Amino acid sequence: MSRPGFTFCICPDSELIRSYISKQLQARPETWKQKVFWGDEELTDSFWESFNLTDLFGECRAIVLRRANKLKTSDWKRFHFVLNKFRKSVWPFFCLEGEWEKGKPKIPAELKKQKFWKLAEKKGWIWQYPGIARQNLNKYLKDWAANRDIEISADVLAVAADILPLDAAHLKNELAKLELYVAEKKRIESRDLQVLALQPDMDIFSFLRSLQENADMVNVWKQVLQGQLGADSNMAMQFLGLLLREARVLWQLQHGEEDKVRMPGSAKSAKKKLAGKMGNQDVAGLWSLMLEAEYGIKSGEHSPEQAMDLLLARLVNVFR
């Protein structure tokens, strides 16, 4: 047996999980067909039957259970009966996609009690990765450029690593756009980075500028609601993360730390102008508002949607 009997994929980024599974299957001499199920839905008879059905054409089957971290406690016990022996033509993948806390994944308590989990730990059948972070994005971009024979200087690389999205799906799209933009010249220069979207889900800078200039507030509300930032805690926390980063940049530009802000010159000039209009008190006030919103969500005092509505109302008052 040269491959795992089953594999646990632990990562908050679904695109990275998808990529990992694809690479594992492609590395095998057999042809594997993926059959995907979802842990936040009822596990039907067809799911359990897929472990035992024999394909008439001898095709191997990868059973991918997405969002396995959403399984009911009682469901984990049932897997003992399908993981108790090695099946040559079946390769189960369990995707634990929950957010990590303090650099560590959250493993369901019932799962850790199961013998098959302990076997996976012993055999090394667990792949875990915290996702793409600012501190490892630089290396990711170096590897990406090297694999495509694209030249990129250290300075340009630093700027790109500071403005690209951390979500793997968005990052992949932005890099594909950049690769197409530089085309045959095979060299990325600072001005080429203007083709990138500075934020993957929402242009926080434009959002703050609209508030500061007292623009049509109906459009600002629509921008938040249409982006569904309050639909769940992940989206709300992502919005707060973007807002925090923007506040930090504005503070640095207010206090003569322009050399620490790495972004295209035109974007930096526009943000410096906004920072000057806002003043120290308004920029500093952003931190308090963000902390209140984050505490409200994590404590359960407010739903993500309520927290976002309250945050926006307070931001309007600040800028007025």
# chains A, B, ... in the order shown; residues from 1 in each chain; ligands from 1
>>> residues_around(residues="stretch 101-107 of chain A", least_positions_apart="6", cutoff="12 Å", atoms="only C-alpha atoms", output="PyMOL selection string")
chain A and resi 8-12+68-71+73+76+94-95+113-114+117+126-131+133
>>> atom_distance(atom1="atom CA of A:Ser269", atom2="atom CA of A:Phe239")
23.2 Å
>>> select_by_dssp(residues="stretch 12-235 of chain A", states="helix (DSSP H, G or I)", output="ChimeraX atom specification")
/A:14-26,45-49,68-70,73-81,109-113,115-123,134-147,154-163,168-185,190-195,204-212,217-226,233-235
>>> closest_residue(among="A:Val318, A:Ala307, A:Ile150, A:Ile297", to="A:Asp282", atoms="only C-alpha atoms")
A:Val318
>>> closest_residue(among="A:Leu178, A:Val82, A:Leu53, A:Ile63", to="A:Phe116", atoms="only C-alpha atoms")
A:Val82
>>> closest_residue(among="A:Gln252, A:Asn84, A:Thr44, A:Gln26", to="A:Gly5", atoms="only C-alpha atoms")
A:Asn84
>>> atom_distance(atom1="atom CA of A:Lys142", atom2="atom CA of A:Asn173")
16.7 Å
>>> residues_around(residues="A:Phe47", least_positions_apart="4", cutoff="9 Å", atoms="only C-alpha atoms", output="list in words")
Phe37, Leu43, Phe51 and Ile63 of chain A
>>> residues_around(residues="stretch 160-164 of chain A", least_positions_apart="2", cutoff="6 Å", atoms="only C-alpha atoms", output="list of chain:residue names")
A:Leu137, A:Asn138, A:Leu157, A:Ala158, A:Leu198
